[in-house]
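Novice: I'd like to ask some things about the structure below.
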Amino acid sequence: MENRRNMNNKKNTIPRYQQIAIEIATRIASREYEVGQKIFARSTLASQHKVSAETARRAICVLTDLDIVTSEKGSGVIIKSYKNAEKFIEQQKNHLSLDLIKNNILTCIDQQRKDMDLLDKYLTDLVAASEHFRSLNPFVPFQILITTDCAFINQNITDIKLWQNTGATVVAVHRNHQTMVSPGPYLQLQENDIIFLVTQDSNPDVVNNFLYPKE
């Protein structure tokens, strides 16, 4: 049902003279008329379809050029070929199908663009909401793994002046499958420790650069 509706909508975009030519060819192909039969004059065709004489003339020209009918001034329109009428109708169906496919593709592209615009809006809203959350919650903890590359391995956080250099405070440490909360200022940094810190700007880069200075 939906495809038929789409085909009908697409048909409405075809020039009126072309629509009339298709309608006449369909009636010829269905054997509503006999080959050699005179069916109407151009003026009658224009009146039947409520179009101008020029539109009727162009419709007949299409059928004449395709050898579906013959038309001579004063003698009206005469049926010439069922086969050519059938061929013309089939071509029009294929043309409509291709146009429908192209139209569907363009519709999908347009919908994809709309979806991408909507996704971009959602991402913008998410970033704004995250920044707002951070401003309301300045002490969101983050974690850092201590490896052998740490510049202060086996040293305690008081001696290295962690807070003075970074503004960060260690609130917990995970070591040997156990988590210690508020380990105190004399916590010694050991390999494979996972330390949890808070800092007012919630930025781990400052701490990372201090613990793992770049040469």
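For the structure tokens, the naming scheme is as follows: chains receive sequential letters (A, B, ...) according to their order of presentation, residues are indexed from 1 within each chain, and ligands are indexed from 1 in presentation order.
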Write down as a list of chain:residue names the residues belonging to range 10-171 of chain A that are assigned strand (DSSP E or B) by DSSP computed on the backbone.
Specialist: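 The residues of range 10-171 of chain A classed as strand (DSSP E or B) are A:Lys38, A:Ile39, A:Phe40, A:Val69, A:Thr70, A:Ser71, A:Glu72, A:Gly76, A:Val77, A:Ile78, A:Ile79, A:Phe142, A:Gln143, A:Ile144, A:Leu145, A:Asn156, A:Thr169, A:Val170, A:Val171.
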Novice: If we count only C-alpha atoms, what is near Lys73 in chain A at a cut-off of 10 Å, once residues fewer than 3 positions away on the same chain are taken out, given as an mmCIF file with N, CA, C and O atoms, in the first residue's frame?
Specialist:
```
data_model
loop_
_atom_site.group_PDB
_atom_site.id
_atom_site.type_symbol
_atom_site.label_atom_id
_atom_site.label_comp_id
_atom_site.auth_asym_id
_atom_site.auth_seq_id
_atom_site.Cartn_x
_atom_site.Cartn_y
_atom_site.Cartn_z
ATOM 1 N N ALA A 41 -10.294 13.291 -31.752
ATOM 2 C CA ALA A 41 -9.520 14.410 -32.280
ATOM 3 C C ALA A 41 -8.809 15.091 -31.116
ATOM 4 O O ALA A 41 -9.146 14.879 -29.952
ATOM 5 N N ARG A 42 -7.824 15.914 -31.423
ATOM 6 C CA ARG A 42 -7.061 16.588 -30.370
ATOM 7 C C ARG A 42 -7.947 17.473 -29.512
ATOM 8 O O ARG A 42 -7.781 17.559 -28.296
ATOM 9 N N GLY A 76 -7.948 12.923 -37.039
ATOM 10 C CA GLY A 76 -7.955 12.418 -35.672
ATOM 11 C C GLY A 76 -6.787 11.495 -35.372
ATOM 12 O O GLY A 76 -5.820 11.414 -36.128
ATOM 13 N N VAL A 77 -6.920 10.814 -34.247
ATOM 14 C CA VAL A 77 -5.859 9.922 -33.764
ATOM 15 C C VAL A 77 -6.265 8.478 -34.042
ATOM 16 O O VAL A 77 -7.350 8.036 -33.675
#
```
Novice: Run DSSP on the backbone of this structure and report the residues of range 36-195 of chain A it assigns to alpha helix (DSSP H), as a PyMOL selection string.
Specialist: chain A and resi 42-49+53-65+82-136+162-166
Novice: Would you mind telling me which residue in A:Thr26, A:Asn192, A:Thr166, A:Val181 lies nearest to Leu63 in chain A when using only C-alpha atoms?
Specialist: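 Residue with the minimum atom-to-atom distance to Leu63 in chain A: A:Thr26.
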Novice: So, counting only C-alpha atoms, which residue among A:Asn176, A:Gln92, A:Gln188, A:Ser47 is closest to Ile153 in chain A?
Specialist: A:Gln188
Novice: Pick out the residues sitting within 10 Å of Gln37 in chain A, and hand them over as a PyMOL selection string; count only C-alpha atoms, and ignore anything fewer than 3 positions along from it in its own chain.
Specialist: chain A and resi 33-34+40+69+77-80
Novice: Give me, as a VMD selection string, all polymer residues having an atom no more than 12 Å from Lys87 in chain A, counting only C-alpha atoms and skipping those fewer than 4 positions away in the same chain.
Specialist: chain A and resid 22 25 to 26 28 to 29 63 66 to 68 81 to 83 91 to 94
Novice: For those residues, write N, CA, C and O atoms to a file as a short mmCIF file (atom, residue, chain, number, x, y, z; two decimals), in the first residue's frame.
Specialist:
```cif
data_model
loop_
_atom_site.label_atom_id
_atom_site.label_comp_id
_atom_site.auth_asym_id
_atom_site.auth_seq_id
_atom_site.Cartn_x
_atom_site.Cartn_y
_atom_site.Cartn_z
N ILE A 22 0.54 8.38 -21.12
CA ILE A 22 0.59 7.09 -20.42
C ILE A 22 -0.82 6.51 -20.28
O ILE A 22 -1.04 5.31 -20.48
N ALA A 25 -1.89 5.18 -23.69
CA ALA A 25 -1.13 3.97 -24.01
C ALA A 25 -1.63 2.78 -23.20
O ALA A 25 -1.69 1.65 -23.70
N THR A 26 -1.99 3.03 -21.94
CA THR A 26 -2.50 1.95 -21.08
C THR A 26 -3.82 1.40 -21.63
O THR A 26 -4.04 0.18 -21.65
N ILE A 28 -4.75 1.51 -24.71
CA ILE A 28 -4.45 0.80 -25.96
C ILE A 28 -3.89 -0.59 -25.66
O ILE A 28 -4.30 -1.59 -26.25
N ALA A 29 -2.93 -0.66 -24.71
CA ALA A 29 -2.31 -1.94 -24.37
C ALA A 29 -3.31 -2.92 -23.78
O ALA A 29 -3.16 -4.15 -23.93
N LEU A 63 2.99 9.91 -28.30
CA LEU A 63 2.50 8.63 -28.80
C LEU A 63 2.82 8.43 -30.28
O LEU A 63 3.11 7.31 -30.71
N LEU A 66 6.50 7.50 -30.84
CA LEU A 66 6.78 6.12 -30.43
C LEU A 66 6.04 5.09 -31.29
O LEU A 66 6.05 3.89 -30.99
N ASP A 67 5.39 5.55 -32.35
CA ASP A 67 4.63 4.68 -33.26
C ASP A 67 3.53 3.90 -32.55
O ASP A 67 3.22 2.76 -32.91
N ILE A 68 2.94 4.54 -31.57
CA ILE A 68 1.80 3.92 -30.88
C ILE A 68 0.51 4.31 -31.60
O ILE A 68 -0.42 3.51 -31.71
N SER A 81 -0.23 0.52 -32.79
CA SER A 81 0.52 -0.64 -32.28
C SER A 81 0.26 -0.92 -30.81
O SER A 81 0.47 -0.05 -29.97
N TYR A 82 -0.21 -2.16 -30.53
CA TYR A 82 -0.33 -2.60 -29.14
C TYR A 82 1.06 -2.78 -28.52
O TYR A 82 1.31 -2.41 -27.37
N LYS A 83 1.95 -3.40 -29.29
CA LYS A 83 3.29 -3.74 -28.80
C LYS A 83 4.05 -2.51 -28.34
O LYS A 83 4.67 -2.49 -27.27
N GLN A 91 8.51 0.94 -19.94
CA GLN A 91 9.59 1.90 -19.75
C GLN A 91 9.24 2.92 -18.66
O GLN A 91 10.09 3.30 -17.84
N GLN A 92 7.99 3.35 -18.68
CA GLN A 92 7.56 4.32 -17.69
C GLN A 92 7.56 3.73 -16.28
O GLN A 92 7.93 4.40 -15.31
N LYS A 93 7.18 2.44 -16.17
CA LYS A 93 7.21 1.78 -14.87
C LYS A 93 8.63 1.71 -14.33
O LYS A 93 8.89 1.96 -13.16
N ASN A 94 9.57 1.34 -15.22
CA ASN A 94 10.98 1.25 -14.81
C ASN A 94 11.51 2.62 -14.40
O ASN A 94 12.26 2.74 -13.43
#
```
Novice: Enter the distance from CA of Asp65 in chain A to CA of Lys50 in chain A, in Å, rounded to one decimal.
Specialist: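 Separation of CA of Asp65 in chain A and CA of Lys50 in chain A: 23.1 Å.
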Novice: Please identify all polymer residues within 6 Å of Ile157 in chain A, counting only C-alpha atoms, omitting same-chain residues fewer than 2 positions from it, and present them as a PyMOL selection string.
Specialist: chain A and resi 159-160+162+185+187
Novice: Any idea what the distance is between CA of Pro15 in chain A and CA of Gln111 in chain A?
Specialist: 27.9 Å
